[in-house]
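Visitor: For reference, the file final_25.tsv (TSV, C-alpha atoms) is included below:
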chain	number	residue	atom	x	y	z
A	1	MET	CA	36.72	3.54	-15.09
A	2	ASN	CA	32.91	3.53	-15.44
A	3	LYS	CA	30.98	1.11	-13.31
A	4	THR	CA	28.61	-1.42	-14.86
A	5	PHE	CA	25.66	-3.53	-13.72
A	6	SER	CA	28.13	-6.41	-13.63
A	7	ASP	CA	30.14	-4.57	-10.97
A	8	ALA	CA	26.99	-4.23	-8.90
A	9	LEU	CA	26.00	-7.87	-9.37
A	10	GLN	CA	29.44	-9.06	-8.31
A	11	SER	CA	29.11	-7.25	-5.00
A	12	THR	CA	29.17	-9.57	-1.99
A	13	GLU	CA	27.80	-6.95	0.42
A	14	LEU	CA	24.19	-8.08	-0.06
A	15	PRO	CA	22.45	-11.19	-1.37
A	16	ARG	CA	22.21	-11.25	-5.16
A	17	ALA	CA	18.40	-11.14	-5.04
A	18	GLU	CA	18.55	-7.87	-3.09
A	19	ILE	CA	21.05	-6.40	-5.56
A	20	PHE	CA	18.63	-7.18	-8.39
A	21	TYR	CA	15.77	-5.64	-6.38
A	22	ILE	CA	17.75	-2.41	-5.91
A	23	LEU	CA	18.77	-2.23	-9.57
A	24	ARG	CA	15.21	-2.90	-10.70
A	25	GLU	CA	13.86	-0.13	-8.49
A	26	LEU	CA	16.51	2.34	-9.62
A	27	THR	CA	16.28	1.62	-13.34
A	28	GLY	CA	12.86	0.12	-14.06
A	29	LEU	CA	14.62	-2.76	-15.84
A	30	ASN	CA	13.65	-6.37	-15.20
A	31	TYR	CA	15.99	-9.28	-14.42
A	32	ASN	CA	16.61	-10.24	-18.06
A	33	GLU	CA	17.17	-6.64	-19.15
A	34	ILE	CA	19.74	-6.10	-16.39
A	35	GLU	CA	21.55	-9.32	-17.36
A	36	PHE	CA	21.51	-8.33	-21.04
A	37	GLN	CA	22.99	-4.91	-20.26
A	38	LYS	CA	25.28	-6.00	-17.45
A	39	ASP	CA	28.47	-4.85	-19.19
A	40	HIS	CA	27.10	-1.45	-20.22
A	41	PRO	CA	28.43	1.56	-18.27
A	42	VAL	CA	26.05	3.13	-15.73
A	43	SER	CA	26.00	6.81	-14.84
A	44	SER	CA	27.90	8.09	-11.81
A	45	ASP	CA	24.58	9.37	-10.41
A	46	LEU	CA	23.04	5.90	-10.61
A	47	TRP	CA	26.12	4.32	-9.06
A	48	ASP	CA	26.06	6.84	-6.19
A	49	LYS	CA	22.40	6.05	-5.51
A	50	PHE	CA	23.15	2.33	-5.64
A	51	THR	CA	26.01	2.56	-3.13
A	52	GLU	CA	23.93	4.77	-0.82
A	53	ILE	CA	21.08	2.25	-0.78
A	54	VAL	CA	23.46	-0.67	-0.22
A	55	ALA	CA	24.94	1.18	2.77
A	56	ARG	CA	21.48	1.76	4.24
A	57	ARG	CA	20.45	-1.86	3.65
A	58	LYS	CA	23.59	-3.06	5.43
A	59	THR	CA	22.19	-1.42	8.59
A	60	ASP	CA	19.21	-3.81	8.20
A	61	GLU	CA	16.82	-1.08	7.03
A	62	PRO	CA	14.17	-2.82	4.88
A	63	LEU	CA	14.34	-2.04	1.17
A	64	GLN	CA	10.60	-1.29	1.19
A	65	TYR	CA	11.16	1.58	3.61
A	66	ILE	CA	14.21	2.79	1.70
A	67	PHE	CA	12.21	3.04	-1.54
A	68	GLY	CA	8.98	4.07	0.19
A	69	HIS	CA	6.77	1.40	-1.31
A	70	SER	CA	5.96	-2.30	-1.30
A	71	TYR	CA	3.83	-4.64	-3.37
A	72	PHE	CA	0.67	-6.47	-2.35
A	73	TYR	CA	-1.89	-8.33	-4.44
A	74	ASP	CA	-0.39	-7.01	-7.70
A	75	ARG	CA	-0.51	-3.39	-6.60
A	76	GLU	CA	2.07	-0.95	-5.30
A	77	TYR	CA	1.53	0.58	-1.85
A	78	LYS	CA	3.22	3.45	-0.12
A	79	VAL	CA	4.85	2.40	3.16
A	80	ASP	CA	6.97	4.03	5.81
A	81	GLU	CA	8.12	3.20	9.34
A	82	THR	CA	4.63	3.89	10.73
A	83	VAL	CA	3.08	0.85	9.02
A	84	LEU	CA	3.89	-2.83	8.74
A	85	ILE	CA	5.35	-3.96	5.44
A	86	PRO	CA	2.69	-6.08	3.62
A	87	ARG	CA	3.52	-9.80	3.62
A	88	PRO	CA	2.76	-12.57	1.08
A	89	GLU	CA	0.99	-14.52	3.85
A	90	THR	CA	-1.55	-11.74	4.11
A	91	GLU	CA	-2.30	-12.06	0.40
A	92	LEU	CA	-3.56	-15.57	1.19
A	93	LEU	CA	-5.93	-14.05	3.76
A	94	VAL	CA	-7.32	-11.74	1.08
A	95	ASP	CA	-7.55	-14.71	-1.33
A	96	GLU	CA	-9.59	-16.66	1.18
A	97	ILE	CA	-12.06	-13.82	1.73
A	98	ILE	CA	-12.49	-13.16	-1.99
A	99	ASN	CA	-12.95	-16.86	-2.84
A	100	ASP	CA	-15.55	-17.30	-0.08
A	101	ASN	CA	-17.51	-14.18	-1.03
A	102	LYS	CA	-16.96	-13.43	-4.72
A	103	HIS	CA	-20.57	-14.20	-5.69
A	104	LYS	CA	-22.09	-12.02	-2.96
A	105	GLN	CA	-23.19	-8.42	-3.38
A	106	ASN	CA	-23.37	-5.37	-1.12
A	107	LEU	CA	-21.23	-6.81	1.63
A	108	ARG	CA	-20.38	-4.69	4.63
A	109	ILE	CA	-16.71	-5.19	5.47
A	110	LEU	CA	-14.58	-4.00	8.39
A	111	ASP	CA	-10.78	-4.13	8.42
A	112	ILE	CA	-9.38	-3.83	11.96
A	113	GLY	CA	-5.84	-2.46	12.26
A	114	THR	CA	-5.64	-1.43	8.62
A	115	GLY	CA	-2.02	-0.18	8.64
A	116	SER	CA	-1.08	0.51	5.01
A	117	GLY	CA	-4.67	-0.20	3.98
A	118	CYS	CA	-3.64	-3.08	1.71
A	119	ILE	CA	-6.31	-5.53	2.93
A	120	ALA	CA	-9.19	-3.05	2.86
A	121	ILE	CA	-8.19	-1.69	-0.55
A	122	SER	CA	-7.80	-5.16	-2.09
A	123	LEU	CA	-11.24	-6.21	-0.85
A	124	ALA	CA	-12.88	-2.97	-1.95
A	125	LEU	CA	-11.51	-3.45	-5.47
A	126	HIS	CA	-12.31	-7.16	-5.80
A	127	LEU	CA	-15.70	-7.56	-4.06
A	128	ALA	CA	-18.30	-5.72	-6.13
A	129	ASN	CA	-20.44	-3.06	-4.48
A	130	SER	CA	-19.00	-3.73	-1.03
A	131	GLN	CA	-19.06	-1.08	1.68
A	132	VAL	CA	-15.62	-1.16	3.27
A	133	ASP	CA	-14.71	0.50	6.56
A	134	ALA	CA	-11.18	0.49	7.97
A	135	VAL	CA	-10.09	1.30	11.51
A	136	ASP	CA	-6.77	1.69	13.26
A	137	ILE	CA	-5.62	3.15	16.56
A	138	HIS	CA	-3.28	5.43	14.54
A	139	PRO	CA	-4.29	8.25	12.15
A	140	MET	CA	-3.98	6.12	8.94
A	141	THR	CA	-2.29	8.78	6.81
A	142	ILE	CA	-0.55	6.18	4.62
A	143	ALA	CA	-3.69	4.06	4.25
A	144	LYS	CA	-5.70	7.08	3.11
A	145	GLU	CA	-3.01	7.96	0.54
A	146	ASN	CA	-3.03	4.40	-0.77
A	147	ALA	CA	-6.83	4.36	-1.04
A	148	SER	CA	-6.68	7.60	-3.03
A	149	ILE	CA	-3.95	6.25	-5.34
A	150	HIS	CA	-5.98	3.11	-6.09
A	151	ASP	CA	-9.34	4.91	-6.22
A	152	ALA	CA	-10.78	2.66	-3.50
A	153	ASN	CA	-13.88	3.90	-1.70
A	154	ILE	CA	-13.16	3.25	1.97
A	155	LYS	CA	-14.39	4.96	5.12
A	156	PHE	CA	-11.56	5.38	7.64
A	157	SER	CA	-12.19	5.86	11.36
A	158	GLN	CA	-9.68	6.01	14.17
A	159	SER	CA	-10.64	3.30	16.65
A	160	ASN	CA	-9.08	1.02	19.24
A	161	ILE	CA	-10.48	-2.23	17.82
A	162	PHE	CA	-14.26	-1.74	18.22
A	163	SER	CA	-14.19	1.39	20.38
A	164	ASN	CA	-15.46	3.66	17.58
A	165	VAL	CA	-17.44	1.05	15.64
A	166	THR	CA	-21.23	1.37	15.69
A	167	ARG	CA	-22.64	-1.13	13.16
A	168	LYS	CA	-22.62	-4.80	12.21
A	169	TYR	CA	-20.63	-6.28	9.34
A	170	ASP	CA	-20.88	-9.33	7.08
A	171	ILE	CA	-17.09	-9.66	7.00
A	172	ILE	CA	-14.64	-8.56	9.66
A	173	VAL	CA	-10.96	-9.06	8.90
A	174	SER	CA	-7.84	-8.40	10.90
A	175	ASN	CA	-4.13	-9.04	10.78
A	176	PRO	CA	-3.55	-7.92	14.36
A	177	PRO	CA	-0.32	-7.85	16.36
A	178	TYR	CA	0.21	-11.49	17.39
A	179	ILE	CA	3.85	-11.90	18.40
A	180	GLY	CA	4.59	-12.55	22.06
A	181	LYS	CA	7.48	-10.97	23.95
A	182	ILE	CA	9.77	-13.99	23.81
A	183	GLU	CA	9.28	-14.51	20.08
A	184	TYR	CA	9.66	-10.77	19.47
A	185	SER	CA	13.14	-10.82	21.00
A	186	THR	CA	14.22	-13.39	18.39
A	187	LEU	CA	13.01	-11.50	15.31
A	188	GLU	CA	15.39	-10.41	12.56
A	189	LYS	CA	16.89	-6.98	13.06
A	190	GLN	CA	15.22	-5.64	9.91
A	191	ILE	CA	11.86	-6.32	11.57
A	192	LYS	CA	12.62	-5.61	15.20
A	193	ASN	CA	14.64	-2.44	14.64
A	194	PHE	CA	12.53	-0.82	11.92
A	195	GLU	CA	8.93	-2.02	11.72
A	196	PRO	CA	6.44	-0.55	14.23
A	197	GLN	CA	6.40	-2.55	17.45
A	198	THR	CA	2.71	-1.77	17.98
A	199	ALA	CA	1.87	-3.63	14.76
A	200	LEU	CA	3.74	-6.76	15.87
A	201	LEU	CA	3.84	-7.22	19.64
A	202	ALA	CA	0.86	-8.42	21.68
A	203	GLU	CA	0.47	-9.27	25.35
A	204	ASP	CA	-0.74	-12.64	26.63
A	205	ASN	CA	1.73	-14.61	24.49
A	206	GLY	CA	0.46	-12.88	21.37
A	207	LEU	CA	-3.22	-13.66	22.03
A	208	TYR	CA	-4.43	-10.34	23.46
A	209	PHE	CA	-6.05	-8.94	20.32
A	210	TYR	CA	-7.64	-12.23	19.30
A	211	LYS	CA	-9.29	-12.49	22.72
A	212	LYS	CA	-10.39	-8.86	22.60
A	213	ILE	CA	-11.92	-9.20	19.13
A	214	LEU	CA	-13.65	-12.51	19.85
A	215	THR	CA	-15.17	-11.49	23.18
A	216	GLU	CA	-16.80	-8.44	21.57
A	217	LEU	CA	-17.51	-9.95	18.16
A	218	ASN	CA	-21.20	-10.78	18.67
A	219	ARG	CA	-22.09	-7.06	18.78
A	220	PHE	CA	-20.49	-6.32	15.41
A	221	LEU	CA	-20.84	-9.44	13.22
A	222	THR	CA	-24.05	-10.19	11.33
A	223	TYR	CA	-25.82	-13.50	11.99
A	224	LYS	CA	-24.32	-15.26	8.96
A	225	GLY	CA	-21.16	-13.16	8.87
A	226	ALA	CA	-17.56	-14.31	9.23
A	227	LEU	CA	-14.41	-13.11	10.95
A	228	TYR	CA	-11.15	-13.72	9.10
A	229	LEU	CA	-7.89	-13.54	11.03
A	230	GLU	CA	-4.24	-13.93	10.16
A	231	ILE	CA	-2.67	-15.96	12.95
A	232	GLY	CA	0.73	-17.06	14.17
A	233	ALA	CA	1.81	-20.54	13.10
A	234	THR	CA	1.57	-21.96	16.64
A	235	GLN	CA	-1.66	-20.24	17.68
A	236	ALA	CA	-4.33	-22.30	15.90
A	237	ASP	CA	-5.30	-24.48	18.87
A	238	LYS	CA	-5.58	-21.54	21.27
A	239	ILE	CA	-7.61	-19.44	18.85
A	240	THR	CA	-9.91	-22.37	18.10
A	241	GLU	CA	-10.41	-22.83	21.84
A	242	ILE	CA	-11.20	-19.15	22.36
A	243	ALA	CA	-13.64	-19.17	19.42
A	244	HIS	CA	-15.45	-22.28	20.65
A	245	ALA	CA	-15.80	-20.76	24.12
A	246	GLN	CA	-17.66	-17.85	22.53
A	247	GLY	CA	-19.97	-20.13	20.54
A	248	TYR	CA	-18.20	-19.94	17.17
A	249	THR	CA	-16.83	-22.48	14.73
A	250	CYS	CA	-13.23	-22.04	13.58
A	251	ARG	CA	-11.70	-23.13	10.29
A	252	ILE	CA	-7.90	-23.04	10.11
A	253	THR	CA	-6.14	-22.66	6.74
A	254	GLN	CA	-2.47	-23.30	6.09
A	255	ASP	CA	-0.12	-21.16	4.01
A	256	LEU	CA	2.03	-22.39	1.12
A	257	ASN	CA	4.65	-23.61	3.60
A	258	GLY	CA	2.12	-25.80	5.41
A	259	LEU	CA	1.96	-23.50	8.44
A	260	ASN	CA	-1.30	-22.60	10.15
A	261	ARG	CA	-1.88	-19.02	9.02
A	262	MET	CA	-5.58	-18.09	8.82
A	263	ALA	CA	-8.70	-18.60	10.88
A	264	LYS	CA	-12.27	-18.20	9.64
A	265	ILE	CA	-14.68	-17.81	12.53
A	266	GLN	CA	-18.49	-17.95	12.35
A	267	LEU	CA	-21.47	-18.58	14.58
A	268	ASP	CA	-22.11	-22.30	15.10
A	269	ILE	CA	-25.45	-22.44	13.25
Give the structure from the file, written as structure tokens.
Guide:
Amino acid sequence: MNKTFSDALQSTELPRAEIFYILRELTGLNYNEIEFQKDHPVSSDLWDKFTEIVARRKTDEPLQYIFGHSYFYDREYKVDETVLIPRPETELLVDEIINDNKHKQNLRILDIGTGSGCIAISLALHLANSQVDAVDIHPMTIAKENASIHDANIKFSQSNIFSNVTRKYDIIVSNPPYIGKIEYSTLEKQIKNFEPQTALLAEDNGLYFYKKILTELNRFLTYKGALYLEIGATQADKITEIAHAQGYTCRITQDLNGLNRMAKIQLDI
């Protein structure tokens, strides 16, 4: 007997939302189209691919790595196990930067720890005539591919934070590793077992990279420039304290769940 979409949707092996995600990726059909055709037979090849992906997902492998791409700011990005999967929270960081700077021209922007390149590429495409540089301690193969796919003009340089940076910027942005060891041990298996530890885990209770960036920031941020950081939900007070100690103001913004998620840091002028 031929299998149908209905057979797939009745599966209890994965949440229904994930089943729809898999079917959408395999067929290109949207939710309504799948529902409309749910009793139509599907090919044995499609069913084999579906069951293979379900089996992989049951090992906690993220669907984004299985399919080799994710979505961020209305664009598709290549991803693999060498880069962090883009998160909706980070879209709010990009929103904040664009809203603050959309009327400015010729901005010099630096993205620290670019990973997939999604932040740098989004800013390059939305802030007119900006000069965007992106650095990472790793070679940035995926980020370069994504920049090419989206025709984003970005200069990539391998650098350990500021180690290979030689100029000042109007905007510096980073979504650095900010999870401490204790919190890391409690993460879901799909994160802990598959996403790169170096993109998640930070010493000093998750504060290491914030301290490193802020203590060196004055050499790389223009006088009226701003540093934008994604932060952990419980880190706002500590980051504000660190920023104030270096002579900066710090504005904390909450995400859609009411959690502290972003910090905008500027000179106190």
Visitor: Within 9 Å of Ala120 (chain A), counting all atoms listed in the file, which residues qualify if same-chain residues fewer than 3 places away don't, as a list in words?
Guide: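 Skipping anything fewer than 3 positions along the chain leaves Ile109, Leu110, Asp111, Thr114, Gly117, Leu123, Ala124, Leu125, Val132, Asp133, Ala134, Ala147, Ala152, Ile154 and Val173 of chain A.
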Visitor: Kindly compute an axis-aligned box around the listed atoms of region 152-163 of chain A, allowing 6 Å on each side, and express its centre and edge lengths in Å to one decimal as lines of an AutoDock Vina configuration file.
Guide:
center_x = -11.7
center_y = 1.9
center_z = 8.4
size_x = 17.3
size_y = 20.2
size_z = 35.9
Visitor: Smallest atom-to-atom distance to Val79 (chain A): which of A:Ile179, A:Ile142, A:Thr234, A:Ala245, using only C-alpha atoms?
Guide: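 Under the stated criterion, the closest residue is A:Ile142.
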Visitor: My list of candidates is A:Ser43, A:Thr59, A:Ser159, A:Asn193. Which is closest to Glu13 (chain A) when distances are computed with all atoms listed in the file?
Guide: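 Ranking A:Ser43, A:Thr59, A:Ser159, A:Asn193 by distance to Glu13 (chain A), first place goes to A:Thr59.
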Visitor: Would you mind reading off the distance between CA of Leu26 (chain A) and CA of Trp47 (chain A), one decimal, in Å?
Guide: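 Calculated distance between CA of Leu26 (chain A) and CA of Trp47 (chain A) is 9.8 Å.
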Visitor: CA of Ser174 (chain A) and CA of Lys211 (chain A) are how many Å apart?
Guide: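 So the two atoms, CA of Ser174 (chain A) and CA of Lys211 (chain A), lie 12.6 Å apart.
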Visitor: Identify the residues within 8 Å of coordinate (1.5, -8.8, -2.8) (same frame as the file), considering all atoms listed in the file, and give the answer as a count of residues only.
Guide: 9
Visitor: Report, in Å to a single decimal, how far apart CA of Glu89 (chain A) and CA of Lys264 (chain A) are.
Guide: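 For CA of Lys264 (chain A) relative to CA of Glu89 (chain A), the distance reads 14.9 Å.
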Visitor: Can you tell me which residues surround Leu227 (chain A) at a distance of at most 9 Å, considering all atoms listed in the file, apart from same-chain residues fewer than 3 positions away, and format the answer as a list in words?
Guide: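 Here the qualifying residues turn out to be Asp170, Ile171, Ile172, Val173, Ser174, Leu214, Leu217, Leu221, Ala263, Lys264, Ile265 and Gln266 of chain A.
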Visitor: Choose the residue, out of A:Gly225, A:Gly113, A:Gly232, A:Gly28, that has the smallest atom-to-atom separation from Asn175 (chain A); count only C-alpha atoms.
Guide: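 The answer is A:Gly113, which sits nearest to Asn175 (chain A).
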Visitor: Would you pick out the contacts of Pro139 (chain A) at 10 Å or less, using all atoms listed in the file, so that residues sharing its chain but fewer than 3 positions from it are not included, and give the list as an NGL selection string?
Guide: :A and (115 or 135-136 or 142-144 or 156-159)
Visitor: Could you write those residues out with C-alpha atoms, as a short mmCIF file (atom, residue, chain, number, x, y, z; two decimals), in the frame of the given file?
Guide:
data_model
loop_
_atom_site.label_atom_id
_atom_site.label_comp_id
_atom_site.auth_asym_id
_atom_site.auth_seq_id
_atom_site.Cartn_x
_atom_site.Cartn_y
_atom_site.Cartn_z
CA GLY A 115 -2.02 -0.18 8.64
CA VAL A 135 -10.09 1.30 11.51
CA ASP A 136 -6.77 1.69 13.26
CA ILE A 142 -0.55 6.18 4.62
CA ALA A 143 -3.69 4.06 4.25
CA LYS A 144 -5.70 7.08 3.11
CA PHE A 156 -11.56 5.38 7.64
CA SER A 157 -12.19 5.86 11.36
CA GLN A 158 -9.68 6.01 14.17
CA SER A 159 -10.64 3.30 16.65
#
Visitor: So, with only C-alpha atoms as the atoms that count, which of A:Leu267, A:Leu14, A:Leu9, A:Ala233 lies closest to Tyr248 (chain A)?
Guide: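 Among A:Leu267, A:Leu14, A:Leu9, A:Ala233, it is A:Leu267 that comes nearest to Tyr248 (chain A).
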Visitor: Write out as a PyMOL selection string which residues come within 10 Å of Pro177 (chain A) when counting all atoms listed in the file, dropping same-chain ones fewer than 3 positions away.
Guide: chain A and resi 113+174+180+197-203+206-210+230-232
Visitor: With distances taken over all atoms listed in the file, which of A:Asp7, A:Asp204, A:Glu241, A:Asp255 is nearest to Glu35 (chain A)?
Guide: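 Closest to Glu35 (chain A) of all the choices is A:Asp7.
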Visitor: Name the closest residue to Arg57 (chain A) among the candidates A:Ile19, A:Ile161, A:Ile137, A:Leu127; distances are taken between atoms, counting all atoms listed in the file.
Guide: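 Closest to Arg57 (chain A), using all atoms listed in the file: A:Ile19.
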Visitor: If we count all atoms listed in the file, what is near Ala8 (chain A) at a cut-off of 10 Å, once residues fewer than 6 positions away on the same chain are taken out, given as a VMD selection string?
Guide: chain A and resid 16 19 to 20 22 to 23 38 47 50 to 51
Visitor: Have region 159-182 of chain A completed to N, CA and C atoms, please, and pass it along as a PDB file, in the frame of the given file.
Guide:
ATOM      1  N   SER A 159      -9.933   4.114  15.667  1.00  0.00           N
ATOM      2  CA  SER A 159     -10.640   3.300  16.650  1.00  0.00           C
ATOM      3  C   SER A 159      -9.684   2.286  17.256  1.00  0.00           C
ATOM      4  N   ASN A 160      -9.822   2.076  18.545  1.00  0.00           N
ATOM      5  CA  ASN A 160      -9.080   1.020  19.240  1.00  0.00           C
ATOM      6  C   ASN A 160      -9.921  -0.250  19.168  1.00  0.00           C
ATOM      7  N   ILE A 161      -9.668  -1.057  18.174  1.00  0.00           N
ATOM      8  CA  ILE A 161     -10.480  -2.230  17.820  1.00  0.00           C
ATOM      9  C   ILE A 161     -11.913  -1.765  17.559  1.00  0.00           C
ATOM     10  N   PHE A 162     -12.860  -2.093  18.457  1.00  0.00           N
ATOM     11  CA  PHE A 162     -14.260  -1.740  18.220  1.00  0.00           C
ATOM     12  C   PHE A 162     -14.704  -0.460  18.921  1.00  0.00           C
ATOM     13  N   SER A 163     -13.787   0.278  19.522  1.00  0.00           N
ATOM     14  CA  SER A 163     -14.190   1.390  20.380  1.00  0.00           C
ATOM     15  C   SER A 163     -14.979   2.478  19.662  1.00  0.00           C
ATOM     16  N   ASN A 164     -14.755   2.629  18.350  1.00  0.00           N
ATOM     17  CA  ASN A 164     -15.460   3.660  17.580  1.00  0.00           C
ATOM     18  C   ASN A 164     -16.276   3.032  16.450  1.00  0.00           C
ATOM     19  N   VAL A 165     -16.640   1.760  16.630  1.00  0.00           N
ATOM     20  CA  VAL A 165     -17.440   1.050  15.640  1.00  0.00           C
ATOM     21  C   VAL A 165     -18.878   0.980  16.136  1.00  0.00           C
ATOM     22  N   THR A 166     -19.833   1.249  15.253  1.00  0.00           N
ATOM     23  CA  THR A 166     -21.230   1.370  15.690  1.00  0.00           C
ATOM     24  C   THR A 166     -22.211   0.496  14.915  1.00  0.00           C
ATOM     25  N   ARG A 167     -21.720  -0.341  13.988  1.00  0.00           N
ATOM     26  CA  ARG A 167     -22.640  -1.130  13.160  1.00  0.00           C
ATOM     27  C   ARG A 167     -22.162  -2.563  13.056  1.00  0.00           C
ATOM     28  N   LYS A 168     -22.981  -3.398  12.434  1.00  0.00           N
ATOM     29  CA  LYS A 168     -22.620  -4.800  12.210  1.00  0.00           C
ATOM     30  C   LYS A 168     -22.088  -4.988  10.789  1.00  0.00           C
ATOM     31  N   TYR A 169     -21.277  -6.019  10.622  1.00  0.00           N
ATOM     32  CA  TYR A 169     -20.630  -6.280   9.340  1.00  0.00           C
ATOM     33  C   TYR A 169     -20.789  -7.748   8.940  1.00  0.00           C
ATOM     34  N   ASP A 170     -20.824  -7.967   7.621  1.00  0.00           N
ATOM     35  CA  ASP A 170     -20.880  -9.330   7.080  1.00  0.00           C
ATOM     36  C   ASP A 170     -19.500  -9.984   7.116  1.00  0.00           C
ATOM     37  N   ILE A 171     -18.471  -9.175   6.944  1.00  0.00           N
ATOM     38  CA  ILE A 171     -17.090  -9.660   7.000  1.00  0.00           C
ATOM     39  C   ILE A 171     -16.288  -8.726   7.899  1.00  0.00           C
ATOM     40  N   ILE A 172     -15.616  -9.301   8.864  1.00  0.00           N
ATOM     41  CA  ILE A 172     -14.640  -8.560   9.660  1.00  0.00           C
ATOM     42  C   ILE A 172     -13.303  -9.259   9.453  1.00  0.00           C
ATOM     43  N   VAL A 173     -12.280  -8.489   9.169  1.00  0.00           N
ATOM     44  CA  VAL A 173     -10.960  -9.060   8.900  1.00  0.00           C
ATOM     45  C   VAL A 173      -9.924  -8.310   9.719  1.00  0.00           C
ATOM     46  N   SER A 174      -8.926  -9.051  10.167  1.00  0.00           N
ATOM     47  CA  SER A 174      -7.840  -8.400  10.900  1.00  0.00           C
ATOM     48  C   SER A 174      -6.561  -9.212  10.797  1.00  0.00           C
ATOM     49  N   ASN A 175      -5.468  -8.481  10.612  1.00  0.00           N
ATOM     50  CA  ASN A 175      -4.130  -9.040  10.780  1.00  0.00           C
ATOM     51  C   ASN A 175      -3.537  -8.291  11.967  1.00  0.00           C
ATOM     52  N   PRO A 176      -3.918  -8.697  13.178  1.00  0.00           N
ATOM     53  CA  PRO A 176      -3.550  -7.920  14.360  1.00  0.00           C
ATOM     54  C   PRO A 176      -2.124  -8.235  14.807  1.00  0.00           C
ATOM     55  N   PRO A 177      -1.582  -7.456  15.732  1.00  0.00           N
ATOM     56  CA  PRO A 177      -0.320  -7.850  16.360  1.00  0.00           C
ATOM     57  C   PRO A 177      -0.504  -9.216  17.034  1.00  0.00           C
ATOM     58  N   TYR A 178       0.399 -10.165  16.768  1.00  0.00           N
ATOM     59  CA  TYR A 178       0.210 -11.490  17.390  1.00  0.00           C
ATOM     60  C   TYR A 178       1.526 -12.133  17.832  1.00  0.00           C
ATOM     61  N   ILE A 179       2.562 -11.357  17.975  1.00  0.00           N
ATOM     62  CA  ILE A 179       3.850 -11.900  18.400  1.00  0.00           C
ATOM     63  C   ILE A 179       4.063 -11.639  19.879  1.00  0.00           C
ATOM     64  N   GLY A 180       4.335 -12.678  20.631  1.00  0.00           N
ATOM     65  CA  GLY A 180       4.590 -12.550  22.060  1.00  0.00           C
ATOM     66  C   GLY A 180       5.985 -11.997  22.337  1.00  0.00           C
ATOM     67  N   LYS A 181       6.223 -11.626  23.589  1.00  0.00           N
ATOM     68  CA  LYS A 181       7.480 -10.970  23.950  1.00  0.00           C
ATOM     69  C   LYS A 181       8.701 -11.845  23.684  1.00  0.00           C
ATOM     70  N   ILE A 182       8.610 -13.113  23.999  1.00  0.00           N
ATOM     71  CA  ILE A 182       9.770 -13.990  23.810  1.00  0.00           C
ATOM     72  C   ILE A 182      10.086 -14.132  22.327  1.00  0.00           C
TER      73      ILE A 182
END
